[in-house]
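The data block below is upload-v3.txt; it holds compact mmCIF, C-alpha atoms and all ligand atoms.
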# COMPACT_ATOMS: atom_id res chain seq x y z
CA MET A 1 22.54 -7.70 -19.09
CA THR A 2 23.73 -8.15 -15.48
CA PRO A 3 20.73 -7.93 -13.13
CA LEU A 4 21.06 -5.07 -10.64
CA ASN A 5 21.27 -5.99 -7.00
CA ALA A 6 22.86 -4.37 -3.99
CA GLU A 7 26.34 -5.70 -4.85
CA THR A 8 26.34 -4.63 -8.48
CA LEU A 9 24.94 -1.29 -7.38
CA LEU A 10 27.81 -0.66 -5.00
CA ALA A 11 30.32 -1.69 -7.64
CA ALA A 12 28.60 0.36 -10.32
CA PRO A 13 30.07 3.60 -11.57
CA ALA A 14 28.29 6.72 -10.30
CA ALA A 15 26.24 7.08 -13.49
CA ASN A 16 24.64 3.70 -12.78
CA ARG A 17 23.81 4.54 -9.18
CA PHE A 18 20.51 5.81 -7.96
CA ASP A 19 21.02 9.54 -7.47
CA VAL A 20 19.56 10.00 -3.98
CA ALA A 21 20.87 13.53 -3.48
CA ARG A 22 19.13 14.58 -6.67
CA VAL A 23 15.75 13.04 -5.81
CA ARG A 24 15.84 14.49 -2.29
CA GLU A 25 15.77 17.96 -3.81
CA ASP A 26 12.33 17.14 -5.22
CA PHE A 27 10.84 16.69 -1.73
CA PRO A 28 10.50 20.05 0.05
CA ILE A 29 9.81 18.48 3.45
CA LEU A 30 13.15 16.65 3.41
CA GLN A 31 14.89 20.02 3.61
CA ARG A 32 13.32 20.93 6.95
CA LEU A 33 14.64 20.61 10.48
CA VAL A 34 12.87 18.74 13.28
CA ASN A 35 13.99 19.45 16.85
CA GLY A 36 16.83 21.47 15.38
CA ARG A 37 18.15 18.53 13.32
CA PRO A 38 17.68 17.63 9.66
CA LEU A 39 14.56 15.49 9.33
CA VAL A 40 15.30 11.76 8.98
CA TYR A 41 12.02 10.37 7.75
CA LEU A 42 11.83 6.61 8.33
CA ASP A 43 8.06 6.20 8.64
CA ASN A 44 7.27 5.66 4.99
CA ALA A 45 5.06 2.63 5.60
CA ALA A 46 2.67 4.92 7.52
CA THR A 47 2.68 7.58 4.83
CA SER A 48 5.26 8.70 2.30
CA GLN A 49 6.42 12.24 1.55
CA LYS A 50 5.30 14.11 -1.56
CA PRO A 51 7.44 15.43 -4.38
CA ARG A 52 7.05 19.05 -5.44
CA THR A 53 5.25 18.01 -8.65
CA VAL A 54 2.42 16.49 -6.60
CA ILE A 55 2.11 19.58 -4.40
CA GLU A 56 2.14 21.78 -7.51
CA ALA A 57 -0.51 19.65 -9.23
CA LEU A 58 -2.82 20.15 -6.25
CA ASN A 59 -2.04 23.86 -6.13
CA ARG A 60 -2.63 24.29 -9.88
CA TYR A 61 -5.90 22.40 -9.77
CA TYR A 62 -7.34 24.50 -6.94
CA SER A 63 -5.87 27.76 -8.26
CA MET A 64 -6.90 27.42 -11.90
CA GLU A 65 -8.97 24.34 -12.71
CA ASN A 66 -11.40 23.60 -9.87
CA ALA A 67 -14.89 22.47 -10.96
CA ASN A 68 -17.10 19.45 -10.42
CA VAL A 69 -16.77 16.48 -12.75
CA HIS A 70 -19.26 14.65 -14.95
CA ARG A 71 -21.85 17.42 -14.56
CA GLY A 72 -21.42 20.86 -16.06
CA VAL A 73 -21.22 21.66 -19.74
CA HIS A 74 -19.00 24.64 -18.99
CA TYR A 75 -15.31 24.86 -19.79
CA LEU A 76 -13.90 24.18 -16.32
CA SER A 77 -16.16 21.22 -15.65
CA GLU A 78 -15.19 19.64 -18.95
CA GLN A 79 -11.51 20.24 -18.16
CA ALA A 80 -11.87 18.76 -14.65
CA THR A 81 -13.69 15.72 -16.04
CA ALA A 82 -10.99 15.18 -18.66
CA ALA A 83 -8.25 15.48 -16.03
CA TYR A 84 -10.01 13.11 -13.62
CA GLU A 85 -10.49 10.49 -16.35
CA ARG A 86 -6.91 10.98 -17.54
CA ALA A 87 -5.77 10.20 -13.97
CA ARG A 88 -7.80 7.00 -14.10
CA ARG A 89 -6.06 5.94 -17.32
CA ARG A 90 -2.72 6.76 -15.70
CA VAL A 91 -3.51 4.39 -12.81
CA GLN A 92 -4.65 1.77 -15.32
CA ARG A 93 -1.21 1.88 -16.99
CA PHE A 94 0.55 1.92 -13.60
CA LEU A 95 -1.17 -1.34 -12.61
CA HIS A 96 -1.15 -2.75 -16.16
CA ALA A 97 -4.92 -3.23 -16.01
CA ARG A 98 -6.71 -4.20 -19.19
CA ASP A 99 -9.21 -1.34 -19.13
CA SER A 100 -9.63 1.96 -17.29
CA SER A 101 -13.19 0.98 -16.28
CA GLU A 102 -11.53 -1.54 -13.94
CA ILE A 103 -10.03 1.30 -11.87
CA ILE A 104 -12.28 2.63 -9.10
CA PHE A 105 -11.26 5.74 -7.18
CA VAL A 106 -11.82 5.35 -3.45
CA ARG A 107 -10.46 7.06 -0.32
CA GLY A 108 -7.76 4.51 0.30
CA THR A 109 -7.02 0.83 0.82
CA THR A 110 -9.39 0.63 3.78
CA GLU A 111 -12.32 1.90 1.75
CA ALA A 112 -11.45 -0.38 -1.17
CA ILE A 113 -11.59 -3.44 1.09
CA ASN A 114 -14.85 -2.31 2.67
CA LEU A 115 -16.25 -1.87 -0.82
CA VAL A 116 -15.38 -5.46 -1.78
CA ALA A 117 -16.64 -6.86 1.54
CA ASN A 118 -19.93 -5.01 1.29
CA THR A 119 -20.67 -5.72 -2.36
CA TYR A 120 -18.91 -8.84 -3.56
CA GLY A 121 -18.89 -10.27 -0.03
CA ARG A 122 -22.52 -9.64 0.85
CA SER A 123 -23.77 -10.95 -2.46
CA ARG A 124 -21.67 -14.15 -2.34
CA VAL A 125 -21.08 -15.19 1.27
CA ARG A 126 -23.77 -17.45 2.73
CA PRO A 127 -23.94 -19.08 6.18
CA GLY A 128 -21.03 -21.51 6.59
CA ASP A 129 -18.96 -19.92 3.80
CA GLU A 130 -15.37 -18.92 4.46
CA ILE A 131 -12.97 -16.07 3.75
CA VAL A 132 -9.24 -16.82 3.94
CA VAL A 133 -6.87 -14.11 5.19
CA SER A 134 -3.29 -14.35 6.46
CA ALA A 135 -1.76 -14.04 9.93
CA MET A 136 0.02 -10.84 8.92
CA GLU A 137 -2.95 -8.75 7.86
CA HIS A 138 -3.54 -5.11 8.72
CA PRO A 139 -6.82 -4.49 10.62
CA SER A 140 -8.18 -2.97 7.40
CA TYR A 141 -7.91 -6.49 6.14
CA ILE A 142 -9.35 -8.25 9.16
CA VAL A 143 -12.22 -6.14 10.45
CA PRO A 144 -14.27 -5.75 7.23
CA TRP A 145 -14.19 -9.55 6.78
CA GLN A 146 -15.14 -10.10 10.42
CA MET A 147 -18.07 -7.71 10.00
CA LEU A 148 -19.07 -9.50 6.81
CA CYS A 149 -18.84 -12.93 8.45
CA GLU A 150 -20.91 -11.72 11.39
CA ALA A 151 -23.59 -10.33 9.09
CA GLN A 152 -23.71 -13.34 6.78
CA GLY A 153 -22.90 -16.19 9.16
CA GLY A 154 -19.54 -16.81 7.49
CA ARG A 155 -16.19 -17.83 8.95
CA LEU A 156 -12.74 -16.25 8.80
CA ARG A 157 -9.82 -18.66 8.28
CA VAL A 158 -6.20 -17.59 8.82
CA ILE A 159 -3.07 -18.73 6.96
CA PRO A 160 -0.37 -19.19 9.64
CA MET A 161 3.25 -18.04 9.30
CA ASN A 162 6.61 -19.25 10.59
CA ASP A 163 9.09 -17.46 12.88
CA ALA A 164 10.75 -15.72 9.95
CA GLY A 165 7.45 -14.14 8.92
CA ASP A 166 6.83 -16.30 5.85
CA LEU A 167 3.36 -17.75 5.25
CA LEU A 168 3.01 -21.53 5.47
CA LEU A 169 1.91 -22.37 1.96
CA ASP A 170 1.03 -26.01 2.69
CA GLU A 171 -1.37 -24.80 5.36
CA TYR A 172 -2.73 -22.28 2.90
CA GLU A 173 -3.53 -25.00 0.37
CA ARG A 174 -5.21 -27.05 3.06
CA LEU A 175 -7.50 -24.13 3.91
CA LEU A 176 -8.84 -23.87 0.36
CA ASN A 177 -11.96 -25.99 0.62
CA PRO A 178 -15.17 -25.62 -1.42
CA ARG A 179 -16.69 -23.23 1.17
CA VAL A 180 -14.05 -20.56 0.57
CA ARG A 181 -15.50 -17.60 -1.33
CA LEU A 182 -12.45 -15.32 -1.34
CA VAL A 183 -8.75 -15.24 -0.46
CA ALA A 184 -7.76 -11.79 0.83
CA VAL A 185 -4.03 -11.44 1.49
CA THR A 186 -1.49 -8.69 1.73
CA HIS A 187 1.09 -8.36 -1.04
CA VAL A 188 3.62 -6.90 1.43
CA SER A 189 3.24 -6.86 5.23
CA ASN A 190 3.32 -3.44 6.91
CA ALA A 191 4.62 -4.96 10.15
CA LEU A 192 7.27 -7.36 8.83
CA GLY A 193 8.06 -6.25 5.28
CA THR A 194 7.41 -9.81 4.06
CA MET A 195 6.70 -9.92 0.35
CA ASN A 196 4.31 -12.81 -0.13
CA PRO A 197 4.55 -15.19 -3.11
CA VAL A 198 1.22 -13.89 -4.34
CA LYS A 199 1.47 -15.09 -7.92
CA GLU A 200 1.78 -18.70 -6.76
CA MET A 201 -0.92 -18.17 -4.13
CA ILE A 202 -3.30 -16.81 -6.76
CA ALA A 203 -2.65 -19.76 -9.09
CA VAL A 204 -3.42 -22.21 -6.27
CA ALA A 205 -6.68 -20.41 -5.41
CA HIS A 206 -7.73 -20.11 -9.04
CA ALA A 207 -7.18 -23.83 -9.59
CA ARG A 208 -10.07 -24.21 -7.13
CA GLY A 209 -12.16 -21.41 -8.63
CA ILE A 210 -11.55 -19.01 -5.72
CA PRO A 211 -10.98 -15.30 -6.46
CA VAL A 212 -8.15 -13.37 -4.77
CA LEU A 213 -7.98 -9.82 -3.45
CA LEU A 214 -4.51 -8.37 -2.80
CA ASP A 215 -3.73 -5.52 -0.40
CA GLY A 216 -1.06 -3.58 -2.26
CA ALA A 217 -0.76 -0.68 0.22
CA GLN A 218 2.88 -1.58 1.00
CA ALA A 219 3.77 -3.02 -2.41
CA ALA A 220 2.75 -0.35 -4.92
CA PRO A 221 5.27 2.23 -3.57
CA HIS A 222 8.18 -0.21 -3.96
CA ARG A 223 7.57 -2.69 -6.77
CA GLU A 224 6.14 -2.67 -10.23
CA VAL A 225 2.67 -4.21 -10.06
CA ASP A 226 1.11 -5.97 -13.04
CA VAL A 227 -2.39 -7.08 -12.16
CA GLN A 228 -2.77 -9.01 -15.42
CA ALA A 229 0.48 -10.94 -14.94
CA LEU A 230 -0.48 -11.65 -11.32
CA ASP A 231 -4.01 -12.48 -12.47
CA CYS A 232 -5.44 -11.17 -9.17
CA ASP A 233 -9.17 -10.48 -9.16
CA PHE A 234 -8.94 -7.35 -7.01
CA TYR A 235 -5.99 -5.12 -6.04
CA THR A 236 -5.92 -2.13 -3.71
CA PHE A 237 -3.48 0.63 -2.81
CA SER A 238 -3.42 4.04 -1.12
CA GLY A 239 -2.28 7.25 -2.81
CA HIS A 240 -0.71 8.67 0.34
CA LYS A 241 1.73 5.77 0.74
CA THR A 242 2.66 6.02 -2.95
CA PHE A 243 3.99 9.62 -2.84
CA GLY A 244 0.53 11.03 -3.65
CA PRO A 245 -2.13 12.84 -1.62
CA THR A 246 -4.27 11.50 1.22
CA GLY A 247 -7.93 10.89 0.51
CA ILE A 248 -7.38 8.90 -2.67
CA GLY A 249 -6.85 5.22 -3.25
CA ILE A 250 -7.53 2.56 -5.81
CA LEU A 251 -9.60 -0.54 -6.12
CA TYR A 252 -8.78 -2.53 -9.21
CA GLY A 253 -11.23 -5.28 -10.09
CA LYS A 254 -11.66 -7.52 -13.11
CA ALA A 255 -14.46 -6.03 -15.20
CA ALA A 256 -16.56 -9.21 -15.18
CA LEU A 257 -16.59 -9.25 -11.37
CA LEU A 258 -17.22 -5.52 -10.97
CA GLU A 259 -20.10 -5.68 -13.43
CA GLU A 260 -21.80 -8.43 -11.43
CA MET A 261 -21.33 -6.75 -8.06
CA PRO A 262 -24.06 -4.56 -6.55
CA PRO A 263 -23.12 -0.91 -5.87
CA PHE A 264 -21.48 0.13 -2.58
CA GLN A 265 -22.96 3.55 -1.82
CA GLY A 266 -25.97 5.20 -3.41
CA GLY A 267 -25.92 8.78 -4.69
CA GLY A 268 -25.19 11.02 -7.60
CA ASP A 269 -22.89 9.92 -10.41
CA MET A 270 -23.54 6.18 -9.89
CA ILE A 271 -26.91 6.20 -11.63
CA ARG A 272 -28.00 6.08 -15.23
CA SER A 273 -31.59 7.01 -14.42
CA VAL A 274 -33.55 7.41 -11.23
CA THR A 275 -37.26 7.59 -10.35
CA PHE A 276 -38.94 6.99 -6.99
CA GLU A 277 -39.87 3.53 -8.23
CA ARG A 278 -36.59 2.35 -9.67
CA THR A 279 -32.95 3.22 -10.23
CA GLU A 280 -30.81 2.01 -13.06
CA TYR A 281 -27.14 2.02 -12.16
CA ALA A 282 -24.38 3.51 -14.26
CA PRO A 283 -21.84 1.16 -15.85
CA ILE A 284 -18.47 0.58 -14.13
CA PRO A 285 -16.50 2.40 -12.85
CA ALA A 286 -19.15 5.11 -12.16
CA LYS A 287 -21.41 2.53 -10.43
CA PHE A 288 -18.92 2.49 -7.53
CA GLU A 289 -18.22 6.22 -7.32
CA ALA A 290 -21.26 7.82 -5.68
CA GLY A 291 -21.12 11.56 -5.06
CA THR A 292 -18.39 14.08 -5.83
CA PRO A 293 -15.06 12.27 -5.87
CA SER A 294 -11.65 13.50 -4.63
CA ILE A 295 -10.90 15.15 -7.95
CA ALA A 296 -7.79 17.06 -6.93
CA ASP A 297 -6.35 14.04 -5.15
CA ALA A 298 -6.85 11.83 -8.21
CA ILE A 299 -4.92 14.42 -10.21
CA GLY A 300 -2.27 14.52 -7.48
CA LEU A 301 -1.99 10.73 -7.62
CA GLU A 302 -1.44 10.95 -11.36
CA ALA A 303 1.45 13.36 -10.69
CA ALA A 304 2.88 10.94 -8.10
CA ILE A 305 2.78 8.05 -10.56
CA ASP A 306 4.37 10.24 -13.23
CA TYR A 307 7.14 11.06 -10.78
CA LEU A 308 7.67 7.46 -9.71
CA GLU A 309 7.80 6.22 -13.27
CA ARG A 310 10.36 8.80 -14.31
CA LEU A 311 12.77 7.26 -11.80
CA ASP A 312 14.98 4.40 -12.91
CA ARG A 313 12.97 1.58 -11.30
CA PRO A 314 15.68 -1.12 -11.26
CA LEU A 315 18.17 1.36 -9.73
CA MET A 316 15.55 2.52 -7.26
CA GLU A 317 14.75 -1.04 -6.17
CA ALA A 318 18.44 -1.86 -5.85
CA HIS A 319 18.93 1.27 -3.71
CA GLU A 320 16.06 0.25 -1.41
CA ALA A 321 17.47 -3.30 -1.18
CA GLU A 322 20.82 -1.81 -0.22
CA LEU A 323 19.20 0.33 2.49
CA LEU A 324 17.55 -2.78 3.90
CA ARG A 325 20.81 -4.72 3.85
CA HIS A 326 22.68 -1.89 5.57
CA ALA A 327 20.01 -1.42 8.25
CA THR A 328 19.76 -5.16 8.94
CA GLU A 329 23.54 -5.55 9.24
CA ALA A 330 24.07 -2.40 11.32
CA LEU A 331 21.27 -3.11 13.80
CA ALA A 332 21.81 -6.87 14.25
CA PRO A 333 24.99 -6.67 16.44
CA ILE A 334 23.43 -4.25 18.94
CA PRO A 335 23.21 -6.17 22.26
CA GLY A 336 19.64 -7.02 23.27
CA LEU A 337 18.21 -6.14 19.87
CA ARG A 338 15.88 -8.65 18.29
CA MET A 339 14.73 -8.32 14.72
CA ILE A 340 11.13 -9.27 14.07
CA GLY A 341 10.70 -10.68 10.60
CA ALA A 342 13.37 -12.20 8.40
CA ALA A 343 11.29 -13.33 5.46
CA ARG A 344 12.82 -14.75 2.27
CA GLU A 345 11.78 -11.65 0.37
CA LYS A 346 11.31 -8.29 2.07
CA THR A 347 10.79 -4.68 1.12
CA GLY A 348 12.74 -1.93 2.90
CA LEU A 349 11.43 -2.22 6.42
CA VAL A 350 12.97 -3.28 9.75
CA SER A 351 10.95 -4.03 12.87
CA PHE A 352 12.82 -4.64 16.13
CA VAL A 353 12.60 -4.80 19.90
CA LEU A 354 15.25 -3.94 22.49
CA ASP A 355 15.52 -6.02 25.64
CA GLY A 356 13.96 -4.18 28.59
CA ILE A 357 13.30 -0.99 26.64
CA HIS A 358 9.86 -0.07 25.37
CA ALA A 359 9.57 0.67 21.66
CA HIS A 360 8.02 4.05 22.51
CA ASP A 361 11.18 5.05 24.37
CA VAL A 362 13.26 4.19 21.31
CA GLY A 363 10.88 6.30 19.23
CA THR A 364 11.10 9.22 21.65
CA ILE A 365 14.91 9.20 21.72
CA ALA A 366 15.01 9.02 17.94
CA ASP A 367 12.53 11.87 17.67
CA ARG A 368 14.82 14.15 19.69
CA ASP A 369 17.31 13.71 16.85
CA GLY A 370 14.72 14.51 14.21
CA ILE A 371 14.25 10.83 13.30
CA ALA A 372 10.68 9.77 12.51
CA LEU A 373 10.14 6.12 13.47
CA ARG A 374 6.99 4.18 14.15
CA ALA A 375 6.72 2.65 17.59
CA GLY A 376 3.79 0.48 18.57
CA HIS A 377 1.85 -2.44 17.21
CA HIS A 378 1.61 -0.87 13.73
CA CYS A 379 -2.03 -1.77 13.46
CA ALA A 380 -0.94 -5.40 13.50
CA GLN A 381 -1.77 -6.71 16.96
CA PRO A 382 -2.16 -10.32 15.75
CA VAL A 383 1.38 -10.13 14.30
CA MET A 384 2.75 -8.79 17.61
CA GLU A 385 0.96 -11.60 19.47
CA ARG A 386 2.43 -14.16 17.09
CA PHE A 387 5.95 -12.97 17.96
CA GLY A 388 5.18 -12.50 21.65
CA VAL A 389 6.01 -8.79 21.78
CA PRO A 390 3.70 -5.91 22.77
CA ALA A 391 5.17 -3.48 20.27
CA THR A 392 8.15 -2.92 18.00
CA ALA A 393 10.09 0.03 16.68
CA ARG A 394 9.80 0.14 12.91
CA ALA A 395 11.89 1.96 10.37
CA SER A 396 10.50 1.86 6.84
CA PHE A 397 12.43 3.22 3.90
CA ALA A 398 11.68 4.97 0.65
CA PHE A 399 13.97 5.64 -2.30
CA TYR A 400 14.88 9.08 -0.90
CA ASN A 401 16.46 7.62 2.26
CA THR A 402 20.23 7.42 2.62
CA HIS A 403 22.91 5.33 4.31
CA GLU A 404 23.68 8.27 6.60
CA GLU A 405 20.06 8.32 7.79
CA ILE A 406 20.32 4.66 8.75
CA ASP A 407 23.55 5.42 10.59
CA ALA A 408 21.65 8.12 12.49
CA LEU A 409 19.00 5.53 13.41
CA VAL A 410 21.66 3.11 14.66
CA ALA A 411 23.23 5.87 16.78
CA ALA A 412 19.79 6.67 18.27
CA VAL A 413 19.26 3.01 19.19
CA HIS A 414 22.66 2.96 20.94
CA ARG A 415 21.67 6.12 22.81
CA ALA A 416 18.34 4.58 23.87
CA ARG A 417 20.27 1.62 25.31
CA GLN A 418 22.57 3.95 27.26
CA ILE A 419 19.66 5.95 28.67
CA PHE A 420 17.12 3.21 29.38
CA GLY A 421 19.17 0.02 29.28
N1 LIG B 1 -3.03 -2.42 4.41
C1 LIG B 1 -1.75 -2.26 4.75
C2 LIG B 1 -0.78 -3.38 4.53
C3 LIG B 1 -1.31 -1.06 5.31
O1 LIG B 1 -0.04 -0.90 5.66
C4 LIG B 1 -2.26 -0.01 5.52
C5 LIG B 1 -1.86 1.29 6.17
N2 LIG B 1 -0.96 1.17 7.23
C6 LIG B 1 -3.58 -0.23 5.13
C7 LIG B 1 -3.92 -1.44 4.57
C8 LIG B 1 -4.62 0.83 5.29
O2 LIG B 1 -4.38 1.86 4.40
P1 LIG B 1 -5.18 3.24 4.50
O3 LIG B 1 -5.07 3.69 5.93
O4 LIG B 1 -4.46 4.14 3.56
O5 LIG B 1 -6.58 2.97 4.09
Conversion result in structure tokens:
Amino acid sequence: MTPLNAETLLAAPAANRFDVARVREDFPILQRLVNGRPLVYLDNAATSQKPRTVIEALNRYYSMENANVHRGVHYLSEQATAAYERARRRVQRFLHARDSSEIIFVRGTTEAINLVANTYGRSRVRPGDEIVVSAMEHPSYIVPWQMLCEAQGGRLRVIPMNDAGDLLLDEYERLLNPRVRLVAVTHVSNALGTMNPVKEMIAVAHARGIPVLLDGAQAAPHREVDVQALDCDFYTFSGHKTFGPTGIGILYGKAALLEEMPPFQGGGDMIRSVTFERTEYAPIPAKFEAGTPSIADAIGLEAAIDYLERLDRPLMEAHEAELLRHATEALAPIPGLRMIGAAREKTGLVSFVLDGIHAHDVGTIADRDGIALRAGHHCAQPVMERFGVPATARASFAFYNTHEEIDALVAAVHRARQIFG
């Protein structure tokens, strides 16, 4: 079978093309106007839009099924518990995890990382120990480790990157000394779109007995993730960037590690028995889910995954690759425009600066045309420093974006140059 890429996609007959017009109908918000113009939503790396099935799942749950989980013996509570646990099994299959007990529901990627830092980290990191992160991490991936290192007397080490936005793998290997307790790297960068060679990076760390945590916030919406094939020890992602609700995210962890780790928060649902003298914790995953969880949002995430998996994934990925190619080629010739990040492998994201024009001004001009862009440091100040720019304009794509929307972006950039240039 011919592998699908942007070229074969363009040459393919209509039946073999990703049907963007059809999927757009599933997203009510894409039908609305902003500033009198059809919405062009190019801020998917910040949060993605939600298909109708996700909105309906939330509506149905609150209208007909709402009850607390793991508690009541009544009909609704049993139904809610079954639905919540079914959502967990859905996420397990989505990530190809071995067992559903390895899937912990959290609020999002940030909480997942804080959980690992505060449990695995605090129980393992001793004075002089090291945590290795990369130069392209999101603050969610820097600050919890800094806090951990401060509390435990540990040290944060950083894998550098080159001008294209690719990590320097030789430097990475050199950092892996016997004091390293964890490698915590992003699967895909939110500022540059770089897709890191995580499988190789994990193999190198494992050869030295070092576990690896991957931040999948920007990968899970775009690529199939197989945690067993990757052999990562932890994986995280956020529901809201994966076409699901806010307030729900996932921490995957290998069972053996999760079982050894102390709990994160104390409260109901994470205990087997409790007296004033002593508490016995529940087995995983309940040990890490204190208090009433985001039941509706877990069910909404299940609907998002169902939606995503009904799409033709190879066609979807080829469509996103084609959007990236088109945006890169159409923006590059604009005078004074500098692209930030040209990694070997990228997801659908372009970050750029315009000579003498602040990224916010580009964002404001685009907004007048109903185009949602991100302008700023994208929660990646160290990345901006590395490239010597205060801020960039960022357009990040999802499968429901079109060529015409990218053309609208290019026109807005030209207009910004006329007005401010
Ligand atoms: N990591 C990356 C790479 C991200 O892009 C983001 C969100 N911008 C996060 C972590 C944090 O995710 P959340 O805010 O959903 O916790």
**OP:** With a distance cut-off of 10 Å and only C-alpha atoms, select the neighbouring residues of Ala303 of chain A, excluding the residue or stretch itself and same-chain residues fewer than 3 positions from it, and output the selection as JSON, numbers by chain.
**Re:** {"A": [50, 51, 52, 53, 54, 55, 56, 57, 58, 87, 90, 243, 244, 245, 297, 298, 299, 300, 306, 307, 308, 309]}
Original post:
So, counting only C-alpha atoms and all ligand atoms, which residue among A:Gly247, A:Pro160, A:Gly121, A:Pro178 is closest to ligand LIG 1 (chain B)?
Top reply: A:Gly247
**OP:** Around the point (16.2, -1.0, 3.2), in the coordinates given by the file, pick out the residues reaching within 7 Å, counting only C-alpha atoms, and return them as a PyMOL selection string.
**Re:** chain A and resi 320-327+347-349+397
**OP:** Find, counting all atoms listed in the file, the residue in A:Ile248, A:Val20, A:Val91, A:Val212 that gets nearest to ligand LIG 1 (chain B).
**Re:** A:Ile248
For ligand LIG 1 (chain B), list the contacting residues at 8 Å or closer, counting all atoms listed in the file, as a compact mmCIF listing (two decimals) with C-alpha atoms, in the coordinates of the input.
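Result file is selection-v7.txt:
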# COMPACT_ATOMS: atom_id res chain seq x y z
CA ALA A 45 5.06 2.63 5.60
CA ALA A 46 2.67 4.92 7.52
CA THR A 47 2.68 7.58 4.83
CA ARG A 107 -10.46 7.06 -0.32
CA GLY A 108 -7.76 4.51 0.30
CA THR A 109 -7.02 0.83 0.82
CA THR A 110 -9.39 0.63 3.78
CA GLU A 111 -12.32 1.90 1.75
CA ALA A 112 -11.45 -0.38 -1.17
CA GLU A 137 -2.95 -8.75 7.86
CA HIS A 138 -3.54 -5.11 8.72
CA PRO A 139 -6.82 -4.49 10.62
CA SER A 140 -8.18 -2.97 7.40
CA TYR A 141 -7.91 -6.49 6.14
CA THR A 186 -1.49 -8.69 1.73
CA HIS A 187 1.09 -8.36 -1.04
CA VAL A 188 3.62 -6.90 1.43
CA SER A 189 3.24 -6.86 5.23
CA ASN A 190 3.32 -3.44 6.91
CA ALA A 191 4.62 -4.96 10.15
CA ASP A 215 -3.73 -5.52 -0.40
CA GLY A 216 -1.06 -3.58 -2.26
CA ALA A 217 -0.76 -0.68 0.22
CA GLN A 218 2.88 -1.58 1.00
CA PHE A 237 -3.48 0.63 -2.81
CA SER A 238 -3.42 4.04 -1.12
CA GLY A 239 -2.28 7.25 -2.81
CA HIS A 240 -0.71 8.67 0.34
CA LYS A 241 1.73 5.77 0.74
CA THR A 246 -4.27 11.50 1.22
CA GLY A 249 -6.85 5.22 -3.25
CA HIS A 378 1.61 -0.87 13.73
CA CYS A 379 -2.03 -1.77 13.46
Excluding same-chain residues fewer than 5 positions from Ala151 of chain A, what lies within 10 Å of it counting all atoms listed in the file, as a PDB file with C-alpha atoms, in the frame of the given file?
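Writing done, so here's part-v4.pdb:
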ATOM      1  CA  ARG A 122     -22.520  -9.640   0.850  1.00  0.00           C
ATOM      2  CA  VAL A 125     -21.080 -15.190   1.270  1.00  0.00           C
ATOM      3  CA  ARG A 126     -23.770 -17.450   2.730  1.00  0.00           C
ATOM      4  CA  PRO A 127     -23.940 -19.080   6.180  1.00  0.00           C
ATOM      5  CA  TRP A 145     -14.190  -9.550   6.780  1.00  0.00           C
ATOM      6  CA  GLN A 146     -15.140 -10.100  10.420  1.00  0.00           C
TER       7      GLN A 146
END
**OP:** Take atom CA of Leu175 of chain A and atom CA of Ala255 of chain A and report the distance between them in Å, one decimal.
**Re:**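 We find that atom CA of Leu175 of chain A and atom CA of Ala255 of chain A lie 27.2 Å from each other.
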Subject >> Å distance separating atom CA of Phe105 of chain A from atom CA of Thr119 of chain A, one decimal place >> reply: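 Taking atom CA of Phe105 of chain A as the start and atom CA of Thr119 of chain A as the end point, the length is 15.6 Å.
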Regenerate segment 199-208 of chain A at the level of N, CA and C atoms and dump it as a PDB file, keeping the file's coordinate frame.
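Just written: result_26.pdb:
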ATOM      1  N   LYS A 199       1.799 -14.509  -6.615  1.00  0.00           N
ATOM      2  CA  LYS A 199       1.470 -15.090  -7.920  1.00  0.00           C
ATOM      3  C   LYS A 199       1.151 -16.589  -7.758  1.00  0.00           C
ATOM      4  N   GLU A 200       1.999 -17.272  -6.990  1.00  0.00           N
ATOM      5  CA  GLU A 200       1.780 -18.700  -6.760  1.00  0.00           C
ATOM      6  C   GLU A 200       0.480 -18.898  -5.953  1.00  0.00           C
ATOM      7  N   MET A 201       0.271 -18.019  -4.975  1.00  0.00           N
ATOM      8  CA  MET A 201      -0.920 -18.170  -4.130  1.00  0.00           C
ATOM      9  C   MET A 201      -2.199 -17.974  -4.946  1.00  0.00           C
ATOM     10  N   ILE A 202      -2.128 -17.057  -5.906  1.00  0.00           N
ATOM     11  CA  ILE A 202      -3.300 -16.810  -6.760  1.00  0.00           C
ATOM     12  C   ILE A 202      -3.562 -18.044  -7.642  1.00  0.00           C
ATOM     13  N   ALA A 203      -2.487 -18.594  -8.209  1.00  0.00           N
ATOM     14  CA  ALA A 203      -2.650 -19.760  -9.090  1.00  0.00           C
ATOM     15  C   ALA A 203      -3.298 -20.917  -8.326  1.00  0.00           C
ATOM     16  N   VAL A 204      -2.866 -21.121  -7.077  1.00  0.00           N
ATOM     17  CA  VAL A 204      -3.420 -22.210  -6.270  1.00  0.00           C
ATOM     18  C   VAL A 204      -4.915 -21.968  -6.002  1.00  0.00           C
ATOM     19  N   ALA A 205      -5.266 -20.723  -5.679  1.00  0.00           N
ATOM     20  CA  ALA A 205      -6.680 -20.410  -5.410  1.00  0.00           C
ATOM     21  C   ALA A 205      -7.510 -20.548  -6.681  1.00  0.00           C
ATOM     22  N   HIS A 206      -6.973 -20.049  -7.793  1.00  0.00           N
ATOM     23  CA  HIS A 206      -7.730 -20.110  -9.040  1.00  0.00           C
ATOM     24  C   HIS A 206      -7.967 -21.550  -9.501  1.00  0.00           C
ATOM     25  N   ALA A 207      -7.005 -22.412  -9.204  1.00  0.00           N
ATOM     26  CA  ALA A 207      -7.180 -23.830  -9.590  1.00  0.00           C
ATOM     27  C   ALA A 207      -8.421 -24.409  -8.917  1.00  0.00           C
ATOM     28  N   ARG A 208      -8.861 -23.749  -7.820  1.00  0.00           N
ATOM     29  CA  ARG A 208     -10.070 -24.210  -7.130  1.00  0.00           C
ATOM     30  C   ARG A 208     -11.233 -23.244  -7.354  1.00  0.00           C
TER      31      ARG A 208
END
